[in-house]
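Raw coords_28.cif, mmCIF, C-alpha atoms:
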data_run
#
loop_
_atom_site.label_atom_id
_atom_site.label_comp_id
_atom_site.auth_asym_id
_atom_site.auth_seq_id
_atom_site.Cartn_x
_atom_site.Cartn_y
_atom_site.Cartn_z
CA MET J 1 -22.95 -18.00 8.67
CA ARG J 2 -22.90 -19.07 5.05
CA ASP J 3 -23.07 -22.31 3.11
CA GLU J 4 -19.47 -23.51 3.19
CA SER J 5 -19.76 -25.12 -0.23
CA THR J 6 -20.17 -21.71 -1.83
CA PRO J 7 -18.23 -19.41 0.43
CA GLY J 8 -19.11 -15.78 0.13
CA THR J 9 -22.09 -16.39 -2.09
CA GLU J 10 -25.16 -14.82 -0.63
CA VAL J 11 -28.27 -16.91 -0.90
CA ALA J 12 -31.47 -14.94 -1.27
CA GLY J 13 -33.70 -15.30 1.77
CA SER J 14 -30.95 -16.56 4.05
CA VAL J 15 -30.56 -13.25 5.78
CA GLU J 16 -31.42 -14.70 9.14
CA LYS J 17 -28.33 -16.94 8.92
CA ARG J 18 -26.25 -13.83 9.42
CA TYR J 19 -27.38 -13.74 13.00
CA ASP J 20 -25.31 -16.71 13.90
CA PRO J 21 -23.18 -15.28 16.66
CA LEU J 22 -19.65 -13.99 16.41
CA ALA J 23 -16.54 -15.16 18.19
CA VAL J 24 -13.46 -13.04 18.81
CA LEU J 25 -10.01 -14.58 19.27
CA ILE J 26 -7.36 -12.64 21.18
CA SER J 27 -3.92 -13.04 22.67
CA GLY J 28 -3.30 -9.71 24.39
CA ARG J 29 -4.87 -6.38 25.22
CA GLY J 30 -7.82 -6.92 22.90
CA SER J 31 -8.36 -3.30 21.93
CA ASN J 32 -10.02 -4.35 18.69
CA LEU J 33 -12.21 -6.72 20.71
CA LYS J 34 -13.28 -3.71 22.76
CA ALA J 35 -14.04 -1.79 19.56
CA LEU J 36 -16.21 -4.69 18.36
CA ILE J 37 -18.02 -4.82 21.70
CA ASP J 38 -18.53 -1.05 21.79
CA ALA J 39 -19.93 -1.08 18.24
CA ARG J 40 -23.00 -2.92 19.53
CA LEU J 41 -23.43 -4.99 16.40
CA THR J 42 -26.87 -6.51 15.99
CA THR J 43 -25.18 -9.92 15.89
CA PRO J 44 -24.01 -10.88 19.37
CA ILE J 45 -20.50 -11.93 20.32
CA SER J 46 -21.09 -15.28 21.95
CA VAL J 47 -17.56 -16.11 23.07
CA VAL J 48 -14.09 -14.60 23.37
CA ILE J 49 -11.27 -17.12 23.16
CA SER J 50 -7.70 -16.40 24.20
CA ASN J 51 -4.68 -18.66 23.82
CA ARG J 52 -3.18 -16.95 26.85
CA ALA J 53 -4.75 -16.95 30.31
CA ASP J 54 -3.19 -13.57 31.09
CA ALA J 55 -4.58 -11.75 28.04
CA ALA J 56 -5.74 -8.40 29.38
CA GLY J 57 -8.46 -8.29 26.75
CA LEU J 58 -10.39 -11.04 28.54
CA GLU J 59 -11.49 -8.30 30.96
CA HIS J 60 -13.33 -6.50 28.16
CA ALA J 61 -15.33 -9.65 27.52
CA ARG J 62 -16.07 -10.23 31.20
CA ALA J 63 -17.15 -6.62 31.64
CA ALA J 64 -19.57 -7.05 28.76
CA GLY J 65 -20.94 -10.32 30.08
CA ILE J 66 -19.50 -12.36 27.22
CA GLU J 67 -18.33 -15.92 27.83
CA THR J 68 -14.55 -16.26 27.91
CA LEU J 69 -12.53 -19.33 27.13
CA VAL J 70 -8.79 -19.88 27.48
CA LEU J 71 -7.49 -22.51 25.10
CA SER J 72 -3.73 -22.64 25.32
CA HIS J 73 -1.87 -23.79 22.26
CA ARG J 74 0.70 -25.23 24.66
CA ASP J 75 -1.75 -27.93 25.69
CA HIS J 76 -1.79 -29.38 22.19
CA ALA J 77 0.94 -31.22 20.39
CA SER J 78 0.36 -29.84 16.92
CA ARG J 79 -1.18 -26.91 15.11
CA ASP J 80 -3.71 -29.28 13.67
CA ALA J 81 -4.74 -30.54 17.11
CA TYR J 82 -5.10 -26.97 18.37
CA ASP J 83 -7.07 -26.01 15.29
CA ARG J 84 -9.51 -28.84 15.96
CA VAL J 85 -10.03 -27.76 19.56
CA LEU J 86 -10.80 -24.23 18.40
CA VAL J 87 -13.17 -25.45 15.70
CA ASP J 88 -14.99 -27.70 18.17
CA ALA J 89 -15.42 -24.85 20.66
CA LEU J 90 -16.74 -22.52 17.97
CA ARG J 91 -19.06 -25.10 16.43
CA ALA J 92 -20.45 -25.98 19.85
CA ARG J 93 -21.56 -22.35 20.13
CA GLY J 94 -22.94 -22.13 16.60
CA VAL J 95 -20.49 -19.39 15.69
CA GLY J 96 -20.95 -17.96 12.20
CA LEU J 97 -18.10 -15.48 11.92
CA VAL J 98 -14.74 -15.55 13.68
CA CYS J 99 -12.93 -12.25 14.22
CA LEU J 100 -9.23 -12.35 15.06
CA ALA J 101 -8.17 -9.40 17.20
CA GLY J 102 -4.48 -9.62 17.93
CA PHE J 103 -4.62 -13.42 17.99
CA MET J 104 -0.96 -14.40 17.65
CA ARG J 105 -1.30 -18.00 16.50
CA LEU J 106 -1.18 -18.96 12.85
CA LEU J 107 -4.29 -20.93 11.95
CA GLY J 108 -3.78 -23.94 9.72
CA PRO J 109 -5.84 -25.59 6.99
CA THR J 110 -7.99 -27.47 9.51
CA PHE J 111 -9.27 -24.24 10.99
CA CYS J 112 -9.30 -22.22 7.78
CA ASP J 113 -11.26 -24.88 5.89
CA ALA J 114 -13.82 -25.16 8.70
CA PHE J 115 -14.38 -21.38 8.77
CA ARG J 116 -13.50 -20.60 5.19
CA MET J 117 -14.53 -17.04 4.24
CA ALA J 118 -15.93 -16.90 7.76
CA THR J 119 -12.74 -15.89 9.59
CA VAL J 120 -11.49 -12.33 9.39
CA ASN J 121 -8.45 -10.53 10.71
CA ILE J 122 -7.26 -6.94 10.90
CA HIS J 123 -3.66 -6.14 10.03
CA PRO J 124 -1.87 -2.80 10.57
CA SER J 125 -0.65 -2.25 7.00
CA LEU J 126 -2.02 -1.85 3.53
CA LEU J 127 -1.56 -5.45 2.50
CA PRO J 128 0.11 -6.90 0.46
CA ALA J 129 2.72 -4.47 1.81
CA PHE J 130 4.30 -5.43 5.15
CA PRO J 131 2.73 -8.72 6.16
CA GLY J 132 3.84 -10.39 9.37
CA VAL J 133 4.91 -8.92 12.66
CA ASP J 134 5.88 -5.29 13.30
CA ALA J 135 4.14 -4.06 10.16
CA GLN J 136 4.23 -0.46 11.38
CA ALA J 137 7.99 -0.59 11.99
CA GLN J 138 8.45 -2.21 8.58
CA ALA J 139 6.55 0.72 7.06
CA VAL J 140 8.64 3.33 8.87
CA VAL J 141 11.93 1.67 7.93
CA HIS J 142 10.82 1.31 4.32
CA GLY J 143 9.96 5.00 4.26
CA VAL J 144 6.43 4.76 2.89
CA LYS J 145 4.32 7.93 3.07
CA VAL J 146 0.98 6.11 3.15
CA ALA J 147 0.39 3.25 5.58
CA GLY J 148 -2.93 1.88 6.76
CA ALA J 149 -5.00 -1.02 7.97
CA THR J 150 -6.52 -4.02 6.22
CA VAL J 151 -9.36 -6.35 7.11
CA HIS J 152 -9.04 -9.64 5.24
CA PHE J 153 -10.31 -13.17 5.20
CA VAL J 154 -7.98 -15.60 6.91
CA THR J 155 -6.34 -18.37 4.94
CA PRO J 156 -3.41 -20.57 5.98
CA ASP J 157 -1.08 -18.14 4.16
CA LEU J 158 -0.09 -15.43 6.63
CA ASP J 159 -1.88 -12.12 5.99
CA ALA J 160 -2.57 -13.12 2.39
CA GLY J 161 -6.30 -13.86 2.24
CA PRO J 162 -8.82 -11.87 0.19
CA ILE J 163 -8.99 -8.23 1.26
CA ILE J 164 -12.36 -6.99 2.53
CA SER J 165 -11.55 -3.39 3.42
CA GLN J 166 -8.59 -1.06 3.74
CA ARG J 167 -8.09 2.45 5.02
CA ALA J 168 -5.06 4.64 4.41
CA VAL J 169 -3.13 6.47 7.13
CA ALA J 170 -0.58 9.17 6.32
CA VAL J 171 2.95 8.63 7.62
CA GLU J 172 4.52 11.79 8.98
CA ASP J 173 8.21 12.56 8.59
CA ASP J 174 8.73 12.43 12.35
CA ASP J 175 6.76 9.24 12.93
CA THR J 176 8.28 6.47 14.96
CA PRO J 177 6.91 2.93 14.79
CA GLU J 178 5.05 3.75 18.00
CA THR J 179 3.39 6.99 16.86
CA LEU J 180 2.43 5.42 13.54
CA ALA J 181 1.07 2.33 15.27
CA ALA J 182 -1.08 4.50 17.54
CA ARG J 183 -2.56 6.37 14.57
CA ILE J 184 -3.20 3.16 12.66
CA LEU J 185 -4.79 1.60 15.75
CA ALA J 186 -7.32 4.42 15.96
CA VAL J 187 -8.27 3.67 12.36
CA GLU J 188 -8.47 -0.05 13.11
CA HIS J 189 -10.95 0.60 15.89
CA ALA J 190 -13.32 2.23 13.39
CA LEU J 191 -12.58 0.07 10.35
CA TYR J 192 -12.97 -3.32 12.00
CA PRO J 193 -16.51 -2.87 13.40
CA ASP J 194 -17.59 -1.11 10.20
CA THR J 195 -16.30 -3.98 8.09
CA VAL J 196 -17.81 -6.70 10.27
CA ARG J 197 -21.13 -4.86 10.17
CA ARG J 198 -20.98 -4.77 6.36
CA LEU J 199 -20.20 -8.48 6.20
CA LEU J 200 -23.18 -9.18 8.44
CA THR J 201 -25.70 -6.88 6.81
CA GLU J 202 -24.77 -6.61 3.11
CA SER J 203 -24.53 -9.15 0.33
CA TRP J 204 -21.04 -9.90 -0.88
CA THR J 205 -19.21 -12.36 -3.06
CA VAL J 206 -15.58 -13.33 -3.54
CA HIS J 207 -14.39 -13.48 -7.14
CA GLY J 208 -10.85 -14.81 -7.28
CA ARG J 209 -9.22 -12.59 -4.68
CA ARG J 210 -11.75 -9.73 -5.03
CA VAL J 211 -14.36 -9.21 -2.33
CA VAL J 212 -17.29 -7.42 -3.93
CA PHE J 213 -20.21 -5.98 -1.99
CA ALA J 214 -23.54 -5.73 -3.73
CA ARG J 215 -24.73 -2.22 -4.32
CA PRO J 216 -27.59 -1.29 -2.00
CA ALA J 217 -30.89 -1.84 -3.80
CA MET N 1 21.22 20.14 -8.13
CA ARG N 2 23.01 18.81 -5.07
CA ASP N 3 26.50 17.79 -4.09
CA GLU N 4 26.70 14.17 -5.24
CA SER N 5 29.02 13.22 -2.42
CA THR N 6 26.26 13.87 0.11
CA PRO N 7 23.10 13.01 -1.77
CA GLY N 8 20.00 14.45 -0.34
CA THR N 9 21.81 16.56 2.20
CA GLU N 10 20.86 20.16 1.85
CA VAL N 11 23.77 22.57 2.17
CA ALA N 12 22.82 25.91 3.67
CA GLY N 13 23.21 28.73 1.23
CA SER N 14 23.18 26.51 -1.83
CA VAL N 15 19.60 27.31 -2.67
CA GLU N 16 20.53 28.78 -6.04
CA LYS N 17 21.84 25.37 -7.07
CA ARG N 18 18.26 24.16 -7.14
CA TYR N 19 17.69 26.21 -10.21
CA ASP N 20 19.77 23.89 -12.31
CA PRO N 21 17.27 22.94 -14.98
CA LEU N 22 15.15 19.83 -15.13
CA ALA N 23 15.06 17.11 -17.75
CA VAL N 24 12.09 14.84 -18.41
CA LEU N 25 12.52 11.39 -19.97
CA ILE N 26 9.57 9.82 -21.79
CA SER N 27 8.73 6.88 -24.03
CA GLY N 28 5.08 7.48 -24.89
CA ARG N 29 2.20 9.87 -24.48
CA GLY N 30 3.95 11.94 -21.83
CA SER N 31 0.89 12.94 -19.85
CA ASN N 32 3.00 13.42 -16.72
CA LEU N 33 5.41 15.52 -18.80
CA LYS N 34 2.46 17.70 -19.73
CA ALA N 35 1.51 17.98 -16.05
CA LEU N 36 5.05 19.08 -15.21
CA ILE N 37 5.00 21.65 -18.04
CA ASP N 38 1.57 22.95 -17.02
CA ALA N 39 2.71 23.32 -13.39
CA ARG N 40 5.00 26.18 -14.47
CA LEU N 41 7.68 25.30 -11.95
CA THR N 42 10.12 28.11 -11.29
CA THR N 43 12.90 25.76 -12.42
CA PRO N 44 12.77 25.37 -16.21
CA ILE N 45 12.64 22.08 -18.09
CA SER N 46 15.63 22.36 -20.40
CA VAL N 47 15.22 19.18 -22.38
CA VAL N 48 12.80 16.32 -22.99
CA ILE N 49 14.45 13.07 -24.03
CA SER N 50 12.59 10.14 -25.57
CA ASN N 51 13.98 6.73 -26.41
CA ARG N 52 11.35 6.49 -29.15
CA ALA N 53 11.09 8.86 -32.07
CA ASP N 54 7.33 8.34 -32.25
CA ALA N 55 6.59 9.23 -28.61
CA ALA N 56 3.49 11.39 -28.76
CA GLY N 57 4.67 13.26 -25.69
CA LEU N 58 7.39 14.98 -27.70
CA GLU N 59 4.63 17.22 -29.03
CA HIS N 60 4.00 18.59 -25.54
CA ALA N 61 7.64 19.65 -25.35
CA ARG N 62 7.64 21.18 -28.80
CA ALA N 63 4.44 23.07 -28.07
CA ALA N 64 6.09 24.51 -24.96
CA GLY N 65 9.27 25.45 -26.79
CA ILE N 66 11.38 22.89 -24.92
CA GLU N 67 14.28 21.20 -26.67
CA THR N 68 13.56 17.58 -27.61
CA LEU N 69 16.07 14.84 -28.11
CA VAL N 70 15.50 11.30 -29.35
CA LEU N 71 18.10 8.89 -28.06
CA SER N 72 17.16 5.37 -29.08
CA HIS N 73 18.38 2.57 -26.89
CA ARG N 74 18.55 0.50 -30.07
CA ASP N 75 21.55 2.49 -31.25
CA HIS N 76 23.64 1.30 -28.31
CA ALA N 77 25.02 -2.13 -27.68
CA SER N 78 24.56 -2.23 -23.92
CA ARG N 79 22.58 -0.65 -21.12
CA ASP N 80 25.79 0.85 -19.86
CA ALA N 81 26.56 2.47 -23.22
CA TYR N 82 23.04 3.89 -23.40
CA ASP N 83 23.28 5.14 -19.82
CA ARG N 84 26.48 7.02 -20.71
CA VAL N 85 24.87 8.68 -23.72
CA LEU N 86 21.98 9.84 -21.53
CA VAL N 87 24.31 11.10 -18.81
CA ASP N 88 26.42 13.00 -21.35
CA ALA N 89 23.36 14.65 -22.88
CA LEU N 90 22.07 15.69 -19.44
CA ARG N 91 25.43 16.93 -18.18
CA ALA N 92 25.95 18.95 -21.37
CA ARG N 93 22.78 20.82 -20.45
CA GLY N 94 23.65 21.24 -16.79
CA VAL N 95 20.60 19.26 -15.69
CA GLY N 96 20.09 19.07 -11.93
CA LEU N 97 17.04 16.85 -11.59
CA VAL N 98 15.84 14.14 -13.97
CA CYS N 99 12.13 13.28 -13.98
CA LEU N 100 11.05 10.01 -15.55
CA ALA N 101 7.56 10.21 -17.02
CA GLY N 102 6.62 6.90 -18.56
CA PHE N 103 10.21 6.22 -19.58
CA MET N 104 10.21 2.49 -20.29
CA ARG N 105 13.92 1.74 -20.05
CA LEU N 106 15.54 0.44 -16.88
CA LEU N 107 18.44 2.72 -15.91
CA GLY N 108 21.60 0.99 -14.72
CA PRO N 109 24.26 1.87 -12.15
CA THR N 110 26.10 4.15 -14.57
CA PHE N 111 23.10 6.43 -14.86
CA CYS N 112 21.86 6.04 -11.29
CA ASP N 113 25.28 6.82 -9.81
CA ALA N 114 25.65 9.90 -12.00
CA PHE N 115 22.24 11.26 -10.95
CA ARG N 116 21.98 9.66 -7.55
CA MET N 117 19.11 11.11 -5.51
CA ALA N 118 18.64 13.39 -8.49
CA THR N 119 16.45 11.10 -10.61
CA VAL N 120 12.80 10.64 -9.75
CA ASN N 121 10.01 8.51 -11.16
CA ILE N 122 6.28 8.20 -10.63
CA HIS N 123 4.71 4.76 -10.33
CA PRO N 124 0.97 3.94 -10.33
CA SER N 125 0.85 1.98 -7.08
CA LEU N 126 1.56 2.42 -3.40
CA LEU N 127 5.03 0.94 -3.49
CA PRO N 128 6.36 -1.47 -2.29
CA ALA N 129 3.09 -3.07 -3.44
CA PHE N 130 2.86 -3.86 -7.16
CA PRO N 131 6.18 -2.82 -8.67
CA GLY N 132 6.80 -3.36 -12.37
CA VAL N 133 4.46 -3.18 -15.32
CA ASP N 134 0.66 -3.16 -15.14
CA ALA N 135 0.61 -2.08 -11.52
CA GLN N 136 -3.05 -1.07 -11.73
CA ALA N 137 -4.08 -4.48 -13.10
CA GLN N 138 -1.99 -6.16 -10.41
CA ALA N 139 -3.91 -4.15 -7.82
CA VAL N 140 -7.31 -5.08 -9.26
CA VAL N 141 -6.45 -8.78 -9.49
CA HIS N 142 -5.09 -8.75 -5.93
CA GLY N 143 -8.30 -7.17 -4.74
CA VAL N 144 -6.84 -4.25 -2.79
CA LYS N 145 -9.28 -1.55 -1.71
CA VAL N 146 -6.68 1.22 -1.57
CA ALA N 147 -4.32 1.80 -4.49
CA GLY N 148 -2.37 4.94 -5.28
CA ALA N 149 0.68 6.58 -6.77
CA THR N 150 4.28 6.90 -5.60
CA VAL N 151 7.07 9.30 -6.48
CA HIS N 152 10.45 7.80 -5.64
CA PHE N 153 14.13 8.23 -6.28
CA VAL N 154 15.42 5.98 -9.00
CA THR N 155 17.99 3.30 -8.21
CA PRO N 156 19.06 0.35 -10.37
CA ASP N 157 16.50 -1.79 -8.52
CA LEU N 158 13.18 -1.49 -10.33
CA ASP N 159 10.68 0.73 -8.48
CA ALA N 160 12.55 0.21 -5.20
CA GLY N 161 14.29 3.53 -4.49
CA PRO N 162 13.51 5.79 -1.51
CA ILE N 163 9.91 7.01 -1.53
CA ILE N 164 9.41 10.77 -1.71
CA SER N 165 5.62 11.01 -1.76
CA GLN N 166 2.54 8.82 -2.06
CA ARG N 167 -1.14 9.44 -2.43
CA ALA N 168 -3.91 6.91 -1.91
CA VAL N 169 -6.71 6.20 -4.39
CA ALA N 170 -9.78 4.17 -3.43
CA VAL N 171 -10.50 1.08 -5.51
CA GLU N 172 -14.18 0.65 -6.30
CA ASP N 173 -15.83 -2.75 -6.47
CA ASP N 174 -16.62 -2.27 -10.16
CA ASP N 175 -13.18 -0.97 -11.14
CA THR N 176 -11.41 -2.47 -14.11
CA PRO N 177 -7.67 -1.98 -14.57
CA GLU N 178 -8.58 0.79 -17.02
CA THR N 179 -10.95 2.74 -14.77
CA LEU N 180 -8.55 2.44 -11.84
CA ALA N 181 -5.61 3.52 -14.01
CA ALA N 182 -7.53 6.60 -15.14
CA ARG N 183 -8.29 7.61 -11.55
CA ILE N 184 -4.70 7.02 -10.46
CA LEU N 185 -3.43 8.99 -13.46
CA ALA N 186 -5.44 12.03 -12.41
CA VAL N 187 -3.74 11.81 -9.01
CA GLU N 188 -0.33 11.39 -10.64
CA HIS N 189 -0.85 14.61 -12.57
CA ALA N 190 -1.22 16.54 -9.32
CA LEU N 191 1.23 14.57 -7.17
CA TYR N 192 4.19 14.64 -9.55
CA PRO N 193 4.44 18.42 -10.01
CA ASP N 194 3.72 18.99 -6.31
CA THR N 195 6.51 16.61 -5.34
CA VAL N 196 9.03 18.01 -7.80
CA ARG N 197 8.22 21.50 -6.53
CA ARG N 198 8.88 20.38 -2.96
CA LEU N 199 12.19 18.80 -3.94
CA LEU N 200 13.20 22.04 -5.62
CA THR N 201 12.04 24.47 -2.97
CA GLU N 202 12.32 22.68 0.39
CA SER N 203 15.20 21.17 2.29
CA TRP N 204 15.22 17.41 2.50
CA THR N 205 17.46 14.58 3.55
CA VAL N 206 17.50 10.83 3.01
CA HIS N 207 18.05 8.73 6.12
CA GLY N 208 18.37 5.09 5.16
CA ARG N 209 15.30 4.72 2.96
CA ARG N 210 13.36 7.61 4.56
CA VAL N 211 13.04 10.88 2.69
CA VAL N 212 12.47 13.61 5.26
CA PHE N 213 11.52 17.18 4.43
CA ALA N 214 12.53 19.92 6.80
CA ARG N 215 9.64 21.62 8.50
CA PRO N 216 9.04 25.11 7.10
CA ALA N 217 10.74 27.68 9.31
#

Written as C-alpha cells, that's how I'd like the structure from this file.
Amino acid sequence: MRDESTPGTEVAGSVEKRYDPLAVLISGRGSNLKALIDARLTTPISVVISNRADAAGLEHARAAGIETLVLSHRDHASRDAYDRVLVDALRARGVGLVCLAGFMRLLGPTFCDAFRMATVNIHPSLLPAFPGVDAQAQAVVHGVKVAGATVHFVTPDLDAGPIISQRAVAVEDDDTPETLAARILAVEHALYPDTVRRLLTESWTVHGRRVVFARPA
Amino acid sequence: MRDESTPGTEVAGSVEKRYDPLAVLISGRGSNLKALIDARLTTPISVVISNRADAAGLEHARAAGIETLVLSHRDHASRDAYDRVLVDALRARGVGLVCLAGFMRLLGPTFCDAFRMATVNIHPSLLPAFPGVDAQAQAVVHGVKVAGATVHFVTPDLDAGPIISQRAVAVEDDDTPETLAARILAVEHALYPDTVRRLLTESWTVHGRRVVFARPA
C-alpha cells in the first residue's frame, strides 16, 4: 500500500496505491471480518486467511465470494517459518493492508517488517490499558468506569503498536465481562471499518508513536 | 464518614454520618479545590491544608471563609511522622472525607489506613493508563486517541486505588500536552464535584477493586 522505506508517509499522487487489496486474518467467528465486508469499502478484500480450518468466520468470506485460505500454524516448525508463509500468500495477492480480526497468533518480526505500518488489529480495551487476552474481564476486575476499543498498527510487541483510533465505552456497575464485551464488540464493528476507511482514503503519518491524519483540504 | 471496619459498606440509617465535613489537601493553584467550593456541596469543607505556604489555592479557601492550614512536610523527619500530623489535624476537625486536589505528597500507610476508603484523588488520565506525574504528556507521547480523568480512592500505591469515576476526553491530532491538559482539566472540574457529591449522597460499596453505587430506589 505504501513505500515500506517510509512507512506511513503519504506520497503525493500515489493515491491509486491505496487500492491494493486488503486481507483479513481470522481464527474464530470473524465478526469483525463481517463488519469489514458489510462496510463495502471501495478497496476490495482479496483474501481471508485463517489459521484454523474450523473458524466459523470463513463462512462470511465464502458468502461474500472472497477467497479463503487456511494456513495452520501447526504445519510450520517456527513462528518465523509461519510468518514467511503468510507473507508469501499475501504478497502473491498484492495485498496492501492486512487487517487482523480475532487472529490469535502473535506475528513476529518477519511478518511485521514485511507489512510494517500496513498491518492493523482491533483490541477490546483502551490501550495501553489491558493488553493481551481477556481484556474486558481485566477491565471489569480492575474496576475501570471507562473501557473501549483500539485500532492499532501491529508490531512484534503484543498490542503495543502505534494507536490509530480509539473509542470509549462506559462500564456499568452491573457489567460482567460478557455484557461489557458485547457492548465493546458493537463499538468495534463500527470503529474498525471506519478506521480502515480512513487509512485507505486519507493521508496520515506516524510521528514516533503518534498516528496523525492530515486535515481535509 | 463511614465505619472504618467496613470501608465502603453503607450502613442503613447512618446517612447523617455523611455530613461529617470535608477536607481538601492542595500543593498549588487549587483549581479543583475551587471547583469543589463552587459546587456548594451540602457537606461543608471545614479545612484546606497545603504542604506549601505559597500555594496559590489557599486564596480560594480564604475567599470562601474556609480555615486554611499550612503543614509543611519539611518540618517532619519521615513520611510517617508527616502522615500522623495530617491525620491528627483532620481528626481534630472531625473530617469524614479527604479530597486531594493537586496535593503533591505521597501518603503512606499511616494516613491511608486512618482514612481508608475516605480519601479520594483526581488524576488526569484514564487509570490504570499513565499513572504518576505528567500524565497528559505521557498520553500525547504514547499517541492515545482517548484520554480522560479518574477519581479514585487513595491507597499507598501511587494512583492505583479503586476507581470511583472516569470520564473520557478525545485527544486531537494537533494536541500538545498543554492543550490536552487544559481540556482534561475542564472535565476534572465537573467530574470531581459530581463524584464527591455521589459519594456523599448515594450508597456505595467496594467489592475487590470495583466501586459500585446502589441504584436509586

Given the PyMOL selection byres ((chain N) within 12 of (chain J)), the residues it picks as a PDB file with C-alpha atoms, keeping the file's coordinate frame:
ATOM      1  CA  SER N 125       0.850   1.980  -7.080  1.00  0.00           C
ATOM      2  CA  LEU N 126       1.560   2.420  -3.400  1.00  0.00           C
ATOM      3  CA  LEU N 127       5.030   0.940  -3.490  1.00  0.00           C
ATOM      4  CA  PRO N 128       6.360  -1.470  -2.290  1.00  0.00           C
ATOM      5  CA  ALA N 129       3.090  -3.070  -3.440  1.00  0.00           C
ATOM      6  CA  PHE N 130       2.860  -3.860  -7.160  1.00  0.00           C
ATOM      7  CA  PRO N 131       6.180  -2.820  -8.670  1.00  0.00           C
ATOM      8  CA  GLN N 138      -1.990  -6.160 -10.410  1.00  0.00           C
ATOM      9  CA  ALA N 139      -3.910  -4.150  -7.820  1.00  0.00           C
ATOM     10  CA  VAL N 140      -7.310  -5.080  -9.260  1.00  0.00           C
ATOM     11  CA  VAL N 141      -6.450  -8.780  -9.490  1.00  0.00           C
ATOM     12  CA  HIS N 142      -5.090  -8.750  -5.930  1.00  0.00           C
ATOM     13  CA  GLY N 143      -8.300  -7.170  -4.740  1.00  0.00           C
ATOM     14  CA  VAL N 144      -6.840  -4.250  -2.790  1.00  0.00           C
ATOM     15  CA  LYS N 145      -9.280  -1.550  -1.710  1.00  0.00           C
ATOM     16  CA  VAL N 146      -6.680   1.220  -1.570  1.00  0.00           C
ATOM     17  CA  ALA N 147      -4.320   1.800  -4.490  1.00  0.00           C
ATOM     18  CA  GLY N 148      -2.370   4.940  -5.280  1.00  0.00           C
ATOM     19  CA  ALA N 149       0.680   6.580  -6.770  1.00  0.00           C
ATOM     20  CA  THR N 150       4.280   6.900  -5.600  1.00  0.00           C
ATOM     21  CA  VAL N 151       7.070   9.300  -6.480  1.00  0.00           C
ATOM     22  CA  HIS N 152      10.450   7.800  -5.640  1.00  0.00           C
ATOM     23  CA  PHE N 153      14.130   8.230  -6.280  1.00  0.00           C
ATOM     24  CA  ALA N 160      12.550   0.210  -5.200  1.00  0.00           C
ATOM     25  CA  GLY N 161      14.290   3.530  -4.490  1.00  0.00           C
ATOM     26  CA  PRO N 162      13.510   5.790  -1.510  1.00  0.00           C
ATOM     27  CA  ILE N 163       9.910   7.010  -1.530  1.00  0.00           C
ATOM     28  CA  ILE N 164       9.410  10.770  -1.710  1.00  0.00           C
ATOM     29  CA  SER N 165       5.620  11.010  -1.760  1.00  0.00           C
ATOM     30  CA  GLN N 166       2.540   8.820  -2.060  1.00  0.00           C
ATOM     31  CA  ARG N 167      -1.140   9.440  -2.430  1.00  0.00           C
ATOM     32  CA  ALA N 168      -3.910   6.910  -1.910  1.00  0.00           C
ATOM     33  CA  VAL N 169      -6.710   6.200  -4.390  1.00  0.00           C
ATOM     34  CA  ALA N 170      -9.780   4.170  -3.430  1.00  0.00           C
ATOM     35  CA  VAL N 171     -10.500   1.080  -5.510  1.00  0.00           C
ATOM     36  CA  GLU N 172     -14.180   0.650  -6.300  1.00  0.00           C
ATOM     37  CA  ASP N 173     -15.830  -2.750  -6.470  1.00  0.00           C
ATOM     38  CA  ASP N 174     -16.620  -2.270 -10.160  1.00  0.00           C
ATOM     39  CA  ASP N 175     -13.180  -0.970 -11.140  1.00  0.00           C
ATOM     40  CA  THR N 176     -11.410  -2.470 -14.110  1.00  0.00           C
ATOM     41  CA  TRP N 204      15.220  17.410   2.500  1.00  0.00           C
ATOM     42  CA  THR N 205      17.460  14.580   3.550  1.00  0.00           C
ATOM     43  CA  VAL N 206      17.500  10.830   3.010  1.00  0.00           C
ATOM     44  CA  HIS N 207      18.050   8.730   6.120  1.00  0.00           C
ATOM     45  CA  GLY N 208      18.370   5.090   5.160  1.00  0.00           C
ATOM     46  CA  ARG N 209      15.300   4.720   2.960  1.00  0.00           C
ATOM     47  CA  ARG N 210      13.360   7.610   4.560  1.00  0.00           C
ATOM     48  CA  VAL N 211      13.040  10.880   2.690  1.00  0.00           C
ATOM     49  CA  VAL N 212      12.470  13.610   5.260  1.00  0.00           C
ATOM     50  CA  PHE N 213      11.520  17.180   4.430  1.00  0.00           C
ATOM     51  CA  ALA N 214      12.530  19.920   6.800  1.00  0.00           C
ATOM     52  CA  ARG N 215       9.640  21.620   8.500  1.00  0.00           C
TER      53      ARG N 215
END

Nearest-residue call for Asp80 of chain N, choices N:Asp54, N:Glu59, N:Asp159, N:Asp113, using all atoms listed in the file: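 Looking only at the distances to Asp80 of chain N, the closest residue turns out to be N:Asp113.
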
Would you mind reading off the distance between atom CA of His60 of chain N and atom CA of Gly94 of chain N, one decimal, in Å?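 That distance, rounded to one decimal, is 21.7 Å.
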
For Leu58 of chain N, find every residue with an atom within 8 Å (counting only C-alpha atoms), except residues of its own chain fewer than 5 positions away, and show them as a PyMOL selection string. chain N and resi 29-30+48+50+68

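Among the candidates N:Leu180, N:Leu25, N:Leu97, N:Ala114, the residue lying nearest to Val196 of chain N is N:Leu97 (atoms considered: only C-alpha atoms).
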